[in-house]
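J.: Take this structure first; my questions come after.
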Amino acid sequence: MHRSLSTATLGLALFLSTCFLCSTAEATQRGTASYAVEDLNLDGIPDLITASFDGKVSIALGNEDGSFTSGNQIEVEGQPVGIASGEINRDSWPDLVIWSEFLRGNPSDNQQSSSTAQLVVLLGNGQNSFDLSSAKYLDVEQAFSFPVGTGRPILALRNVNGNRLMDLIVSFYGSNCSNQEYGAAAFELDIEGNVSTIGLPDTTIPELTYPEELVTAATYEPRLTEQMQNPYFVTELYLLGMTYASLGISTASNSTHDALNFFPDTVWKTHSCETDAWQKAGREIHEFIQEVNDSARLLKFARLLIETAKGVPDLSEEVKDPIFLNEFVGLGQAYAALDPQPSTNAEDAGFFLDTLWRAAGERTRQR
């Protein structure tokens with residue numbers, strides 16, 4: 001998400017509203033492959049988009065009270081294992097790019113199977129749906145120097161070269177980084193959604209892919225299953241990732257840094273290269289939320305704390321220090337564990353934790 005939610009801002013989704021519960025539960029059983037957060041209907045409230053392995057892309061629209069309402073479901077060919085959202089054709093309505101894979105070879109053969117892949121570009125029509133009849137396709141296998149299907153792609157849409165056209169960055173990681181089975185590629189999309197391969201721009205790939213990596217880490221922790229069925233929790237975890245990535249923290253680490261057990265830092269240091277790190281981060285997320293009843297609100301509280309510190313000139317250096325952030329967010333965690341009853345008037349409170357905790361309890365618009 002790179003427009004209306006870029007300063008505030010992909011997850012397993014069992015949506016809370018009764019009308020969407022059955023279809024989304026079915027999608028979760030099919031297996032969610034990728035996630036995106038975007039304000040699809042331009043109401044200032046984040047919406048959630050999930051792609052499942054059986055070719056279905058599901059949309060849930062966020063409401064002001066934190067619930068979600070059923071949106072449209074899109075079927076694409078193959079397995080949509082990666083998804084990104086952003087405005088491609090400059091009509092103000094968000095569009096989608098989907099990475100869909102197709103298994104080739106006989107699965108019964110003893111040889112390891114591989115995949116081909118294509119990009120599917122779907123332009124939004126302003127009705128919270130996307131027109132499949134005008135979809136654009138590109139075979140992407142030749143863009144990589146390794147076989148497509150050896151890992152999982154994470155997609156991000158951003159204009160990285162300043163030419164007013166949206167660029168798609170794909171980080172494609174294998175399961176074993178020691179074997180260097182990962183890489184990246186870049187594509188440019190014109191205003192009609194046509195796709196062309198370009199050289200990888202000089203940009204920070206981890207910053208673009210980090211939010212989805214943070215959400216993915218949560219899926220590695222079985223004790224977070226219930227939370228990952230809450231779209232509000234998933235959305236806030238994604239938005240927290242957007243905020244943390246925007247700080248520009250150095251990935252260089254030391255022994256003190258390594259011992260933080262601070263889940264945003266754990267994922268940031270390693271990114272998609274280490275499954276063990278994702279598992280560790282999943283455990284840290286569980287430990288972070290376990291003493292608070294409203295885990296989604298706690299994540300939003302953490303995000304607001306970081307955004308507040310980022311906006312204080314005297315903290316411009318401290319806010320880039322994971323040790324400081326760990327302590328600062330930890331202070332908020334301890335405050336939330338007290339189950340405080342926020343004041344009804346922010347001016348009367350005069351206490352930044354009370355002010356931000358109260359704000360975290362509101363499903364405010366993000367514009």
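Naming scheme: A, B, ... for chains in displayed order of the structure tokens; residues 1 onward per chain; ligands 1 onward as shown.
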Excluding A:Thr266 and its own-chain neighbours fewer than 6 positions away, which residues fall within 8 Å of it when counting only C-alpha atoms? Please give them as JSON, numbers by chain.

T.: {"A": [258, 277, 278, 280, 281]}

J.: Would you export the selected residues with C-alpha atoms as an mmCIF file, in the first residue's frame, please?

T.:
```
data_model
loop_
_atom_site.group_PDB
_atom_site.id
_atom_site.type_symbol
_atom_site.label_atom_id
_atom_site.label_comp_id
_atom_site.auth_asym_id
_atom_site.auth_seq_id
_atom_site.Cartn_x
_atom_site.Cartn_y
_atom_site.Cartn_z
ATOM 1 C CA ASP A 258 20.718 -10.189 18.764
ATOM 2 C CA ALA A 277 13.971 -16.351 12.485
ATOM 3 C CA TRP A 278 10.324 -16.316 11.442
ATOM 4 C CA LYS A 280 11.434 -17.062 16.672
ATOM 5 C CA ALA A 281 9.545 -13.897 15.763
#
```

J.: Could you list, as number ranges by chain, every residue within 6 Å of A:Ile154, counting only C-alpha atoms and ignoring same-chain residues fewer than 5 positions away?

T.: A: 82, 170-171

J.: Between A:Ala245, A:Val292, A:Ile169, A:Leu331, which has the minimum distance to A:Leu189 (counting only C-alpha atoms)?

T.: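 Going through A:Ala245, A:Val292, A:Ile169, A:Leu331 one by one, the smallest distance to A:Leu189 is for A:Ile169.
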
J.: Skip A:Glu291 itself and residues of its chain fewer than 3 positions away, then list as a PDB file with all heavy atoms, in the first residue's frame all residues within 8 Å of it, counting only C-alpha atoms.

T.:
```pdb
ATOM      1  N   GLU A 287       4.384 -13.834  22.905  1.00  0.00           N
ATOM      2  CA  GLU A 287       4.766 -13.338  24.229  1.00  0.00           C
ATOM      3  C   GLU A 287       4.383 -11.875  24.399  1.00  0.00           C
ATOM      4  O   GLU A 287       4.016 -11.455  25.502  1.00  0.00           O
ATOM      5  CB  GLU A 287       6.274 -13.528  24.423  1.00  0.00           C
ATOM      6  CG  GLU A 287       6.700 -14.994  24.490  1.00  0.00           C
ATOM      7  CD  GLU A 287       8.207 -15.162  24.404  1.00  0.00           C
ATOM      8  OE1 GLU A 287       8.918 -14.126  24.320  1.00  0.00           O
ATOM      9  OE2 GLU A 287       8.674 -16.321  24.415  1.00  0.00           O
ATOM     10  N   PHE A 288       4.441 -11.113  23.328  1.00  0.00           N
ATOM     11  CA  PHE A 288       4.133  -9.695  23.387  1.00  0.00           C
ATOM     12  C   PHE A 288       2.664  -9.449  23.700  1.00  0.00           C
ATOM     13  O   PHE A 288       2.318  -8.528  24.450  1.00  0.00           O
ATOM     14  CB  PHE A 288       4.512  -9.034  22.062  1.00  0.00           C
ATOM     15  CG  PHE A 288       4.256  -7.567  21.983  1.00  0.00           C
ATOM     16  CD1 PHE A 288       5.048  -6.662  22.680  1.00  0.00           C
ATOM     17  CD2 PHE A 288       3.226  -7.066  21.199  1.00  0.00           C
ATOM     18  CE1 PHE A 288       4.811  -5.298  22.611  1.00  0.00           C
ATOM     19  CE2 PHE A 288       2.981  -5.713  21.114  1.00  0.00           C
ATOM     20  CZ  PHE A 288       3.777  -4.814  21.830  1.00  0.00           C
ATOM     21  N   ALA A 337      -1.004  -3.879  29.670  1.00  0.00           N
ATOM     22  CA  ALA A 337      -1.285  -5.045  30.512  1.00  0.00           C
ATOM     23  C   ALA A 337      -2.017  -4.667  31.799  1.00  0.00           C
ATOM     24  O   ALA A 337      -2.642  -5.519  32.442  1.00  0.00           O
ATOM     25  CB  ALA A 337       0.017  -5.772  30.845  1.00  0.00           C
TER      26      ALA A 337
END
```

J.: Measuring between only C-alpha atoms, which one of A:Ser133, A:Ser295, A:Ser85, A:Gln118 shows the shortest distance to A:Leu168?

T.: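 Looking at the shortest contact to A:Leu168, the residue is A:Ser85.
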
J.: With distances taken over only C-alpha atoms, which of A:Val215, A:Ala186, A:Ala135, A:Ala334 is nearest to A:Thr32?

T.: A:Val215

J.: When you count only C-alpha atoms, which of these residues is closest to A:Pro231: A:Ala156, A:Trp93, A:Asn72, A:Ala296?

T.: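 Distance minimum relative to A:Pro231 lands on A:Ala296.
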
J.: Could you pull the residues within 9 Å of A:Glu188, counting only C-alpha atoms, minus those fewer than 2 positions along the same chain, as a list in words?

T.: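 So, after excluding close chain neighbours, the residues are Asn159, Leu165, Met166, Asp167, Leu168, Ile169, Ala186, Asp190, Asn194, Val195, Ser196, Thr197 and Ile198 of chain A.
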
J.: Report, in Å with one decimal, the straight-line distance from atom CA of A:Glu101 to atom CA of A:Thr116.

T.: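 Separation between atom CA of A:Glu101 and atom CA of A:Thr116: 5.7 Å.
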
J.: Which residues in stretch 29-116 of chain A does DSSP call strand (DSSP E or B)? List them as a ChimeraX atom specification.

T.: /A:32-38,47-52,56-62,68-75,79-86,95-104,114-116

J.: Using N, CA and C atoms, can you write the selected residues to a file as a short mmCIF file (atom, residue, chain, number, x, y, z; two decimals), in the first residue's frame?

T.:
```cif
data_model
loop_
_atom_site.label_atom_id
_atom_site.label_comp_id
_atom_site.auth_asym_id
_atom_site.auth_seq_id
_atom_site.Cartn_x
_atom_site.Cartn_y
_atom_site.Cartn_z
N THR A 32 -3.93 -19.93 2.81
CA THR A 32 -3.67 -18.58 2.34
C THR A 32 -2.21 -18.45 1.98
N ALA A 33 -1.94 -17.96 0.78
CA ALA A 33 -0.58 -17.87 0.29
C ALA A 33 0.01 -16.49 0.44
N SER A 34 -0.82 -15.45 0.32
CA SER A 34 -0.28 -14.09 0.34
C SER A 34 -1.34 -13.12 0.81
N TYR A 35 -0.89 -11.92 1.17
CA TYR A 35 -1.77 -10.96 1.81
C TYR A 35 -1.41 -9.55 1.35
N ALA A 36 -2.39 -8.68 1.33
CA ALA A 36 -2.15 -7.27 1.04
C ALA A 36 -3.14 -6.44 1.83
N VAL A 37 -2.73 -5.24 2.19
CA VAL A 37 -3.59 -4.29 2.88
C VAL A 37 -3.68 -3.05 2.01
N GLU A 38 -4.89 -2.61 1.73
CA GLU A 38 -5.10 -1.45 0.85
C GLU A 38 -6.47 -0.85 1.13
N ASP A 47 -8.44 -2.12 4.10
CA ASP A 47 -9.14 -3.34 3.71
C ASP A 47 -8.10 -4.46 3.54
N LEU A 48 -8.57 -5.68 3.60
CA LEU A 48 -7.66 -6.82 3.58
C LEU A 48 -7.92 -7.67 2.35
N ILE A 49 -6.84 -8.07 1.66
CA ILE A 49 -6.93 -8.90 0.46
C ILE A 49 -6.08 -10.14 0.70
N THR A 50 -6.64 -11.32 0.47
CA THR A 50 -5.90 -12.56 0.66
C THR A 50 -5.99 -13.41 -0.60
N ALA A 51 -4.91 -14.13 -0.89
CA ALA A 51 -4.85 -15.03 -2.03
C ALA A 51 -4.63 -16.44 -1.52
N SER A 52 -5.43 -17.40 -2.00
CA SER A 52 -5.32 -18.78 -1.56
C SER A 52 -4.80 -19.66 -2.69
N LYS A 56 -8.19 -18.49 -5.68
CA LYS A 56 -9.18 -17.49 -5.26
C LYS A 56 -8.50 -16.34 -4.52
N VAL A 57 -8.90 -15.13 -4.86
CA VAL A 57 -8.45 -13.93 -4.19
C VAL A 57 -9.67 -13.32 -3.51
N SER A 58 -9.63 -13.18 -2.19
CA SER A 58 -10.78 -12.71 -1.41
C SER A 58 -10.53 -11.31 -0.89
N ILE A 59 -11.58 -10.52 -0.84
CA ILE A 59 -11.52 -9.13 -0.39
C ILE A 59 -12.46 -8.95 0.78
N ALA A 60 -11.97 -8.28 1.83
CA ALA A 60 -12.81 -7.92 2.97
C ALA A 60 -12.63 -6.43 3.24
N LEU A 61 -13.73 -5.72 3.35
CA LEU A 61 -13.71 -4.27 3.52
C LEU A 61 -13.76 -3.92 5.00
N GLY A 62 -12.82 -3.08 5.44
CA GLY A 62 -12.78 -2.68 6.84
C GLY A 62 -13.88 -1.70 7.19
N PHE A 68 -15.11 -6.45 9.64
CA PHE A 68 -14.91 -6.48 8.19
C PHE A 68 -16.16 -7.00 7.51
N THR A 69 -16.42 -6.50 6.33
CA THR A 69 -17.59 -6.89 5.55
C THR A 69 -17.14 -7.60 4.27
N SER A 70 -17.92 -8.59 3.87
CA SER A 70 -17.59 -9.35 2.68
C SER A 70 -17.46 -8.45 1.46
N GLY A 71 -16.40 -8.67 0.70
CA GLY A 71 -16.24 -8.02 -0.58
C GLY A 71 -16.34 -9.07 -1.68
N ASN A 72 -15.73 -8.80 -2.80
CA ASN A 72 -15.80 -9.72 -3.92
C ASN A 72 -14.73 -10.79 -3.82
N GLN A 73 -14.96 -11.89 -4.50
CA GLN A 73 -13.97 -12.96 -4.61
C GLN A 73 -13.61 -13.13 -6.08
N ILE A 74 -12.31 -13.14 -6.36
CA ILE A 74 -11.80 -13.21 -7.73
C ILE A 74 -11.13 -14.56 -7.93
N GLU A 75 -11.40 -15.19 -9.05
CA GLU A 75 -10.75 -16.45 -9.38
C GLU A 75 -9.75 -16.22 -10.52
N GLN A 79 -2.06 -20.99 -9.06
CA GLN A 79 -2.04 -20.75 -7.63
C GLN A 79 -1.50 -19.34 -7.37
N PRO A 80 -2.32 -18.43 -6.86
CA PRO A 80 -1.85 -17.06 -6.59
C PRO A 80 -1.03 -17.03 -5.29
N VAL A 81 0.27 -17.15 -5.41
CA VAL A 81 1.13 -17.23 -4.23
C VAL A 81 1.74 -15.89 -3.83
N GLY A 82 1.48 -14.84 -4.61
CA GLY A 82 1.96 -13.52 -4.25
C GLY A 82 0.98 -12.46 -4.73
N ILE A 83 0.85 -11.37 -3.97
CA ILE A 83 -0.11 -10.34 -4.34
C ILE A 83 0.40 -8.99 -3.85
N ALA A 84 0.14 -7.95 -4.63
CA ALA A 84 0.49 -6.58 -4.23
C ALA A 84 -0.59 -5.64 -4.73
N SER A 85 -0.74 -4.51 -4.07
CA SER A 85 -1.76 -3.55 -4.44
C SER A 85 -1.16 -2.15 -4.56
N GLY A 86 -1.78 -1.33 -5.39
CA GLY A 86 -1.35 0.04 -5.58
C GLY A 86 -2.07 0.64 -6.77
N ASP A 95 -5.32 -0.95 -7.68
CA ASP A 95 -5.26 -2.08 -8.59
C ASP A 95 -4.48 -3.21 -7.93
N LEU A 96 -4.53 -4.39 -8.52
CA LEU A 96 -3.86 -5.57 -7.98
C LEU A 96 -2.89 -6.17 -8.98
N VAL A 97 -1.79 -6.70 -8.47
CA VAL A 97 -0.89 -7.53 -9.25
C VAL A 97 -0.74 -8.85 -8.52
N ILE A 98 -0.95 -9.94 -9.24
CA ILE A 98 -0.94 -11.28 -8.65
C ILE A 98 0.15 -12.12 -9.31
N TRP A 99 0.92 -12.81 -8.52
CA TRP A 99 1.90 -13.77 -9.02
C TRP A 99 1.25 -15.14 -8.92
N SER A 100 0.99 -15.78 -10.04
CA SER A 100 0.30 -17.07 -10.06
C SER A 100 1.22 -18.13 -10.66
N GLU A 101 1.30 -19.28 -9.99
CA GLU A 101 2.20 -20.35 -10.43
C GLU A 101 1.42 -21.56 -10.93
N PHE A 102 2.07 -22.28 -11.84
CA PHE A 102 1.48 -23.48 -12.42
C PHE A 102 2.49 -24.62 -12.30
N LEU A 103 2.08 -25.71 -11.70
CA LEU A 103 2.95 -26.87 -11.56
C LEU A 103 3.14 -27.52 -12.91
N ARG A 104 4.39 -27.85 -13.24
CA ARG A 104 4.65 -28.54 -14.50
C ARG A 104 5.33 -29.87 -14.20
N SER A 114 8.68 -28.65 -10.70
CA SER A 114 8.97 -27.22 -10.74
C SER A 114 7.75 -26.50 -11.27
N SER A 115 7.86 -25.18 -11.37
CA SER A 115 6.69 -24.39 -11.72
C SER A 115 7.03 -23.36 -12.80
N THR A 116 6.00 -22.97 -13.51
CA THR A 116 6.07 -21.76 -14.31
C THR A 116 5.20 -20.72 -13.60
#
```

J.: With only C-alpha atoms as the atoms that count, which of A:Leu298, A:Leu247, A:Val76, A:Ala218 lies nearest to A:Gln333?

T.: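 Ranking A:Leu298, A:Leu247, A:Val76, A:Ala218 by distance to A:Gln333, first place goes to A:Leu298.
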